[in-house]
Amino acid sequence: MDLKNLFGYEGKNVVITGSASGMSKAATELLLELGANVYAIDVNPIELPVAKKFQADLSNKEEIDQVISELPEKIDALFLCHGIAYFKGKELLVQKVNFYSQKYMTEQLLNRISDHGSVNFISSVGGFGWQQVYDKAVELINIPSWDEAMKWYDNHQALIQSAYVFAKQCLESYVTYKCMAPEFINRRIRINAINPGDTTTGLTEDFNKSTSPTGDIAEGEEMISNIFLKSWNGYAAKPEDMGYPLVVMGSDICSYMSGQLIYIDFGLTSTWTSGALLQKGEKSIEELSEEANH
């Protein structure tokens, strides 16, 4: 069996963000190996031999619009993989980068995506418990314009204080809310997300700093280990552990899969859910989610 035919990317136009490093870089490398025509976007320089590369700030609507104007008229798969860690005072920036720009790009490019194409996101186990904010996330999702969405954020400062968590919860809500929306289902455009567990990437140091109350890298690293690794004597994933499944998810291999949030965390979130359902200890799913996200 020809693997390139199995994946279905050969000769197809693929747009991917975040390709300069980490999970997205690993995904981009595999897409190139599978014969895709890759259009890659990142705020940092991209070194891979893609069909066309763009350097843009994806928190900035004008820069996004400029990139969109230069992308091909036909897109077979869209991968939204850009993201940043959270630092105090950057709540709105995190919302724009980690969720709203991804929603905006999806909807601006949707009419260019081929029938039976795919839209694919990198979310996070940090969005665990997305159901708790689903009503507010849907309220935001249904706001029709970028400027109106920024006003909504201004009016919901308490909600966005969780920053990274709320952005990822909105992204996961978007996948579940939109998978059978007419604009997707009528053209059989699939929409899914992977939710990575602890992964070593170029953002690891930022995540360690932002997790520590004092900004201490070593303290943050220990806190993250305690949440994600200590309970199973585990180890952090490599970018390929996330990037490769992402490519599979967006390919013809998963042609009947849509609306799914795929947790790639060696079973950690399943254990959190299982423990709550079996009433082990006194923690509910909501309390476990709160613990995981802090």
# chains A, B, ... in the order shown; residues from 1 in each chain; ligands from 1
>>> closest_atom_pairs(of="stretch 203-244 of chain A", to="stretch 14-34 of chain A", cutoff="6 Å", atoms="only C-alpha atoms", output="Markdown table")
| residue | atom | partner | partner_atom | distance |
| --- | --- | --- | --- | --- |
| A:Pro239 | CA | A:Met23 | CA | 4.3 |
| A:Glu240 | CA | A:Ala26 | CA | 5.4 |
| A:Met242 | CA | A:Met23 | CA | 5.9 |
| A:Gly243 | CA | A:Ala27 | CA | 4.3 |
| A:Tyr244 | CA | A:Ala27 | CA | 5.6 |
>>> select_by_dssp(residues="stretch 49-235 of chain A", states="strand (DSSP E or B)", output="ChimeraX atom specification")
/A:52-55,75-80,113-122,190-196,199
>>> closest_atom_pairs(of="stretch 101-179 of chain A", to="stretch 79-94 of chain A", cutoff="7 Å", atoms="only C-alpha atoms", output="CSV")
residue,atom,partner,partner_atom,distance
A:Gln102,CA,A:Leu80,CA,6.1
A:Val119,CA,A:Phe79,CA,6.0
A:Asn120,CA,A:Phe79,CA,4.7
A:Phe121,CA,A:Leu80,CA,4.9
A:Ile122,CA,A:Cys81,CA,5.1
A:Ile160,CA,A:Glu91,CA,6.3
A:Gln161,CA,A:Glu91,CA,6.3
A:Ala163,CA,A:Glu91,CA,5.0
A:Tyr164,CA,A:Tyr86,CA,5.9
>>> write_last_selection(atoms="C-alpha atoms", output="PDB file, in the first residue's frame")
ATOM      1  CA  GLN A 102      -7.801  30.507  15.082  1.00  0.00           C
ATOM      2  CA  VAL A 119      -9.741  21.816   9.898  1.00  0.00           C
ATOM      3  CA  ASN A 120      -7.381  20.748  12.678  1.00  0.00           C
ATOM      4  CA  PHE A 121      -6.361  22.418  15.930  1.00  0.00           C
ATOM      5  CA  ILE A 122      -3.771  21.918  18.637  1.00  0.00           C
ATOM      6  CA  ILE A 160     -10.474  35.614  30.956  1.00  0.00           C
ATOM      7  CA  GLN A 161      -8.298  35.738  34.070  1.00  0.00           C
ATOM      8  CA  ALA A 163      -6.148  33.092  30.298  1.00  0.00           C
ATOM      9  CA  TYR A 164      -4.606  29.978  28.737  1.00  0.00           C
TER      10      TYR A 164
END
>>> atom_distance(atom1="atom CA of A:Lys136", atom2="atom CA of A:His156")
9.7 Å
>>> atom_distance(atom1="atom CA of A:Ala40", atom2="atom CA of A:Lys53")
4.8 Å
>>> closest_residue(among="A:Pro144, A:Gly234, A:Gly11, A:Pro245", to="A:Ala193", atoms="only C-alpha atoms")
A:Pro245
>>> residues_around(residues="A:Ser210", least_positions_apart="2", cutoff="9 Å", atoms="only C-alpha atoms", output="JSON, numbers by chain")
{"A": [85, 86, 87, 88, 205, 206, 207, 208, 212, 213, 214, 215, 216, 217, 220]}
>>> write_last_selection(atoms="all heavy atoms", output="short mmCIF file (atom, residue, chain, number, x, y, z; two decimals), in the first residue's frame")
data_model
loop_
_atom_site.label_atom_id
_atom_site.label_comp_id
_atom_site.auth_asym_id
_atom_site.auth_seq_id
_atom_site.Cartn_x
_atom_site.Cartn_y
_atom_site.Cartn_z
N ALA A 85 2.33 30.74 25.87
CA ALA A 85 2.07 30.54 27.30
C ALA A 85 1.49 31.84 27.87
O ALA A 85 1.49 32.89 27.22
CB ALA A 85 3.35 30.17 28.02
N TYR A 86 1.01 31.75 29.10
CA TYR A 86 0.38 32.91 29.74
C TYR A 86 1.31 33.57 30.74
O TYR A 86 1.97 32.90 31.53
CB TYR A 86 -0.91 32.50 30.46
CG TYR A 86 -1.39 33.55 31.44
CD1 TYR A 86 -1.83 34.78 30.96
CD2 TYR A 86 -1.38 33.33 32.81
CE1 TYR A 86 -2.26 35.77 31.83
CE2 TYR A 86 -1.82 34.31 33.69
CZ TYR A 86 -2.25 35.53 33.20
OH TYR A 86 -2.67 36.51 34.06
N PHE A 87 1.37 34.90 30.69
CA PHE A 87 2.03 35.69 31.72
C PHE A 87 1.07 36.77 32.18
O PHE A 87 0.28 37.30 31.40
CB PHE A 87 3.33 36.31 31.19
CG PHE A 87 4.42 35.30 30.94
CD1 PHE A 87 4.62 34.79 29.67
CD2 PHE A 87 5.21 34.85 31.98
CE1 PHE A 87 5.61 33.84 29.44
CE2 PHE A 87 6.20 33.90 31.76
CZ PHE A 87 6.40 33.39 30.50
N LYS A 88 1.12 37.11 33.46
CA LYS A 88 0.19 38.07 34.04
C LYS A 88 0.20 39.37 33.25
O LYS A 88 1.25 39.88 32.87
CB LYS A 88 0.57 38.34 35.50
CG LYS A 88 -0.48 39.15 36.25
CD LYS A 88 -0.16 39.20 37.74
CE LYS A 88 -1.16 40.07 38.49
NZ LYS A 88 -2.53 39.60 38.34
N GLU A 205 10.06 26.47 28.47
CA GLU A 205 10.58 27.41 29.47
C GLU A 205 9.53 28.45 29.85
O GLU A 205 9.37 28.80 31.02
CB GLU A 205 11.85 28.10 28.96
CG GLU A 205 12.53 28.97 30.00
CD GLU A 205 13.87 29.50 29.54
OE1 GLU A 205 14.76 28.68 29.23
OE2 GLU A 205 14.02 30.75 29.48
N ASP A 206 8.81 28.95 28.84
CA ASP A 206 7.74 29.91 29.13
C ASP A 206 6.66 29.30 30.00
O ASP A 206 6.15 29.94 30.93
CB ASP A 206 7.11 30.40 27.81
CG ASP A 206 7.94 31.47 27.12
OD1 ASP A 206 8.92 31.94 27.72
OD2 ASP A 206 7.62 31.81 25.97
N PHE A 207 6.27 28.05 29.71
CA PHE A 207 5.25 27.39 30.53
C PHE A 207 5.75 27.20 31.95
O PHE A 207 4.99 27.37 32.91
CB PHE A 207 4.86 26.05 29.91
CG PHE A 207 3.86 26.16 28.79
CD1 PHE A 207 4.18 25.79 27.51
CD2 PHE A 207 2.59 26.66 29.03
CE1 PHE A 207 3.26 25.89 26.48
CE2 PHE A 207 1.65 26.78 28.02
CZ PHE A 207 2.00 26.40 26.73
N ASN A 208 7.03 26.85 32.10
CA ASN A 208 7.58 26.68 33.45
C ASN A 208 7.55 27.99 34.23
O ASN A 208 7.15 28.04 35.39
CB ASN A 208 9.01 26.14 33.38
CG ASN A 208 9.07 24.70 32.91
OD1 ASN A 208 8.09 23.97 32.96
ND2 ASN A 208 10.23 24.28 32.43
N SER A 212 4.90 28.89 37.68
CA SER A 212 5.40 29.26 39.00
C SER A 212 4.84 30.60 39.44
O SER A 212 4.87 31.56 38.67
CB SER A 212 6.92 29.33 38.98
OG SER A 212 7.41 30.00 40.14
N PRO A 213 4.32 30.72 40.67
CA PRO A 213 3.82 32.01 41.16
C PRO A 213 4.89 33.09 41.19
O PRO A 213 4.59 34.28 41.10
CB PRO A 213 3.33 31.69 42.57
CG PRO A 213 3.10 30.22 42.59
CD PRO A 213 4.10 29.64 41.65
N THR A 214 6.16 32.67 41.29
CA THR A 214 7.25 33.62 41.37
C THR A 214 8.02 33.76 40.05
O THR A 214 8.99 34.51 39.96
CB THR A 214 8.24 33.21 42.47
OG1 THR A 214 8.81 31.93 42.14
CG2 THR A 214 7.54 33.12 43.82
N GLY A 215 7.61 32.98 39.03
CA GLY A 215 8.31 33.01 37.76
C GLY A 215 9.59 32.21 37.75
O GLY A 215 10.40 32.33 36.82
N ASP A 216 9.76 31.36 38.76
CA ASP A 216 10.96 30.54 38.85
C ASP A 216 10.83 29.30 37.96
O ASP A 216 9.89 28.53 38.11
CB ASP A 216 11.18 30.11 40.31
CG ASP A 216 12.43 29.27 40.48
OD1 ASP A 216 13.52 29.86 40.53
OD2 ASP A 216 12.30 28.02 40.52
N ILE A 217 11.78 29.12 37.03
CA ILE A 217 11.68 28.04 36.06
C ILE A 217 11.68 26.67 36.73
O ILE A 217 10.87 25.80 36.40
CB ILE A 217 12.85 28.14 35.05
CG1 ILE A 217 12.70 29.40 34.20
CG2 ILE A 217 12.87 26.91 34.13
CD1 ILE A 217 13.88 29.65 33.27
N GLY A 220 8.40 26.02 38.52
CA GLY A 220 7.34 25.75 37.55
C GLY A 220 7.47 24.37 36.95
O GLY A 220 6.47 23.66 36.76
#
>>> select_by_dssp(residues="stretch 31-106 of chain A", states="alpha helix (DSSP H)", output="number ranges by chain")
A: 31-33, 61-70, 91-95, 101-106
>>> atom_distance(atom1="atom CA of A:Ile41", atom2="atom CA of A:Gln55")
5.9 Å
>>> closest_residue(among="A:Leu140, A:Met249, A:Leu3, A:Ile46", to="A:Ile191", atoms="only C-alpha atoms")
A:Met249
>>> residues_around(residues="A:Gly127", least_positions_apart="6", cutoff="7 Å", atoms="only C-alpha atoms", output="list in words")
Val165, Lys168 and Gln169 of chain A
>>> write_last_selection(atoms="N, CA, C and O atoms", output="mmCIF file, in the first residue's frame")
data_model
loop_
_atom_site.group_PDB
_atom_site.id
_atom_site.type_symbol
_atom_site.label_atom_id
_atom_site.label_comp_id
_atom_site.auth_asym_id
_atom_site.auth_seq_id
_atom_site.Cartn_x
_atom_site.Cartn_y
_atom_site.Cartn_z
ATOM 1 N N VAL A 165 -6.222 28.729 30.023
ATOM 2 C CA VAL A 165 -7.269 27.727 30.237
ATOM 3 C C VAL A 165 -8.527 28.107 29.469
ATOM 4 O O VAL A 165 -9.088 27.295 28.724
ATOM 5 N N LYS A 168 -8.184 27.726 25.616
ATOM 6 C CA LYS A 168 -8.233 26.336 25.158
ATOM 7 C C LYS A 168 -9.627 25.738 25.341
ATOM 8 O O LYS A 168 -10.093 24.933 24.518
ATOM 9 N N GLN A 169 -10.321 26.139 26.392
ATOM 10 C CA GLN A 169 -11.694 25.664 26.575
ATOM 11 C C GLN A 169 -12.595 26.196 25.466
ATOM 12 O O GLN A 169 -13.491 25.489 24.987
#
>>> residues_around(residues="A:Ser258", least_positions_apart="3", cutoff="12 Å", atoms="only C-alpha atoms", output="number ranges by chain")
A: 116-121, 175-181, 184-185, 188-194, 249-251, 254-255, 261-262
>>> write_last_selection(atoms="N, CA and C atoms", output="PDB file, in the first residue's frame")
ATOM      1  N   HIS A 116     -14.993  17.799   1.818  1.00  0.00           N
ATOM      2  CA  HIS A 116     -14.313  16.668   2.455  1.00  0.00           C
ATOM      3  C   HIS A 116     -12.910  17.038   2.942  1.00  0.00           C
ATOM      4  N   GLY A 117     -12.637  18.326   3.066  1.00  0.00           N
ATOM      5  CA  GLY A 117     -11.375  18.763   3.641  1.00  0.00           C
ATOM      6  C   GLY A 117     -11.409  18.703   5.154  1.00  0.00           C
ATOM      7  N   SER A 118     -10.356  19.237   5.791  1.00  0.00           N
ATOM      8  CA  SER A 118     -10.297  19.157   7.251  1.00  0.00           C
ATOM      9  C   SER A 118      -9.744  20.433   7.860  1.00  0.00           C
ATOM     10  N   VAL A 119     -10.251  20.731   9.063  1.00  0.00           N
ATOM     11  CA  VAL A 119      -9.741  21.816   9.898  1.00  0.00           C
ATOM     12  C   VAL A 119      -9.256  21.175  11.189  1.00  0.00           C
ATOM     13  N   ASN A 120      -8.021  21.472  11.580  1.00  0.00           N
ATOM     14  CA  ASN A 120      -7.381  20.748  12.678  1.00  0.00           C
ATOM     15  C   ASN A 120      -6.694  21.726  13.632  1.00  0.00           C
ATOM     16  N   PHE A 121      -6.918  21.525  14.924  1.00  0.00           N
ATOM     17  CA  PHE A 121      -6.361  22.418  15.930  1.00  0.00           C
ATOM     18  C   PHE A 121      -5.440  21.658  16.880  1.00  0.00           C
ATOM     19  N   VAL A 175     -14.884  23.264  18.481  1.00  0.00           N
ATOM     20  CA  VAL A 175     -14.898  21.995  17.734  1.00  0.00           C
ATOM     21  C   VAL A 175     -16.225  21.275  17.929  1.00  0.00           C
ATOM     22  N   THR A 176     -16.680  21.176  19.158  1.00  0.00           N
ATOM     23  CA  THR A 176     -17.921  20.431  19.420  1.00  0.00           C
ATOM     24  C   THR A 176     -19.147  21.180  18.913  1.00  0.00           C
ATOM     25  N   TYR A 177     -19.107  22.509  18.972  1.00  0.00           N
ATOM     26  CA  TYR A 177     -20.245  23.311  18.560  1.00  0.00           C
ATOM     27  C   TYR A 177     -20.393  23.389  17.040  1.00  0.00           C
ATOM     28  N   LYS A 178     -19.273  23.385  16.337  1.00  0.00           N
ATOM     29  CA  LYS A 178     -19.297  23.631  14.898  1.00  0.00           C
ATOM     30  C   LYS A 178     -19.275  22.369  14.028  1.00  0.00           C
ATOM     31  N   CYS A 179     -19.003  21.213  14.594  1.00  0.00           N
ATOM     32  CA  CYS A 179     -18.774  20.040  13.737  1.00  0.00           C
ATOM     33  C   CYS A 179     -19.972  19.694  12.853  1.00  0.00           C
ATOM     34  N   MET A 180     -21.193  20.017  13.309  1.00  0.00           N
ATOM     35  CA  MET A 180     -22.365  19.768  12.473  1.00  0.00           C
ATOM     36  C   MET A 180     -23.096  21.053  12.092  1.00  0.00           C
ATOM     37  N   ALA A 181     -22.399  22.171  12.227  1.00  0.00           N
ATOM     38  CA  ALA A 181     -22.961  23.428  11.722  1.00  0.00           C
ATOM     39  C   ALA A 181     -23.059  23.327  10.201  1.00  0.00           C
ATOM     40  N   PHE A 184     -20.054  23.553   7.834  1.00  0.00           N
ATOM     41  CA  PHE A 184     -19.094  22.444   7.866  1.00  0.00           C
ATOM     42  C   PHE A 184     -19.737  21.159   7.334  1.00  0.00           C
ATOM     43  N   ILE A 185     -20.838  20.767   7.921  1.00  0.00           N
ATOM     44  CA  ILE A 185     -21.390  19.437   7.620  1.00  0.00           C
ATOM     45  C   ILE A 185     -21.950  19.359   6.204  1.00  0.00           C
ATOM     46  N   ARG A 188     -19.155  18.482   4.236  1.00  0.00           N
ATOM     47  CA  ARG A 188     -18.398  17.368   4.819  1.00  0.00           C
ATOM     48  C   ARG A 188     -16.971  17.785   5.174  1.00  0.00           C
ATOM     49  N   ILE A 189     -16.850  19.001   5.700  1.00  0.00           N
ATOM     50  CA  ILE A 189     -15.551  19.463   6.191  1.00  0.00           C
ATOM     51  C   ILE A 189     -15.428  19.033   7.648  1.00  0.00           C
ATOM     52  N   ARG A 190     -14.405  18.265   7.923  1.00  0.00           N
ATOM     53  CA  ARG A 190     -14.205  17.729   9.275  1.00  0.00           C
ATOM     54  C   ARG A 190     -13.467  18.757  10.134  1.00  0.00           C
ATOM     55  N   ILE A 191     -13.759  18.743  11.444  1.00  0.00           N
ATOM     56  CA  ILE A 191     -13.118  19.660  12.386  1.00  0.00           C
ATOM     57  C   ILE A 191     -12.813  18.897  13.667  1.00  0.00           C
ATOM     58  N   ASN A 192     -11.544  18.866  14.059  1.00  0.00           N
ATOM     59  CA  ASN A 192     -11.099  18.100  15.221  1.00  0.00           C
ATOM     60  C   ASN A 192      -9.945  18.826  15.908  1.00  0.00           C
ATOM     61  N   ALA A 193      -9.621  18.375  17.114  1.00  0.00           N
ATOM     62  CA  ALA A 193      -8.473  18.935  17.840  1.00  0.00           C
ATOM     63  C   ALA A 193      -7.745  17.840  18.586  1.00  0.00           C
ATOM     64  N   ILE A 194      -6.421  17.977  18.673  1.00  0.00           N
ATOM     65  CA  ILE A 194      -5.674  17.160  19.614  1.00  0.00           C
ATOM     66  C   ILE A 194      -5.454  17.972  20.879  1.00  0.00           C
ATOM     67  N   MET A 249      -4.780  12.820  11.926  1.00  0.00           N
ATOM     68  CA  MET A 249      -6.144  13.289  12.176  1.00  0.00           C
ATOM     69  C   MET A 249      -6.693  14.081  10.995  1.00  0.00           C
ATOM     70  N   GLY A 250      -5.849  14.885  10.363  1.00  0.00           N
ATOM     71  CA  GLY A 250      -6.309  15.707   9.257  1.00  0.00           C
ATOM     72  C   GLY A 250      -6.310  15.009   7.913  1.00  0.00           C
ATOM     73  N   SER A 251      -5.856  13.762   7.880  1.00  0.00           N
ATOM     74  CA  SER A 251      -5.673  13.045   6.617  1.00  0.00           C
ATOM     75  C   SER A 251      -6.899  12.231   6.221  1.00  0.00           C
ATOM     76  N   CYS A 254      -8.500   9.445   8.530  1.00  0.00           N
ATOM     77  CA  CYS A 254      -9.578   9.738   9.492  1.00  0.00           C
ATOM     78  C   CYS A 254     -10.742  10.444   8.802  1.00  0.00           C
ATOM     79  N   SER A 255     -11.075   9.984   7.602  1.00  0.00           N
ATOM     80  CA  SER A 255     -12.056  10.671   6.758  1.00  0.00           C
ATOM     81  C   SER A 255     -13.479  10.681   7.326  1.00  0.00           C
ATOM     82  N   LEU A 261     -12.225  15.601  20.261  1.00  0.00           N
ATOM     83  CA  LEU A 261     -11.144  16.175  21.063  1.00  0.00           C
ATOM     84  C   LEU A 261     -10.270  15.014  21.503  1.00  0.00           C
ATOM     85  N   ILE A 262      -9.129  14.870  20.858  1.00  0.00           N
ATOM     86  CA  ILE A 262      -8.282  13.696  21.066  1.00  0.00           C
ATOM     87  C   ILE A 262      -7.216  14.021  22.107  1.00  0.00           C
TER      88      ILE A 262
END
>>> closest_residue(among="A:Gly197, A:Pro49, A:Gly8, A:Pro182", to="A:Ala237", atoms="only C-alpha atoms")
A:Gly197
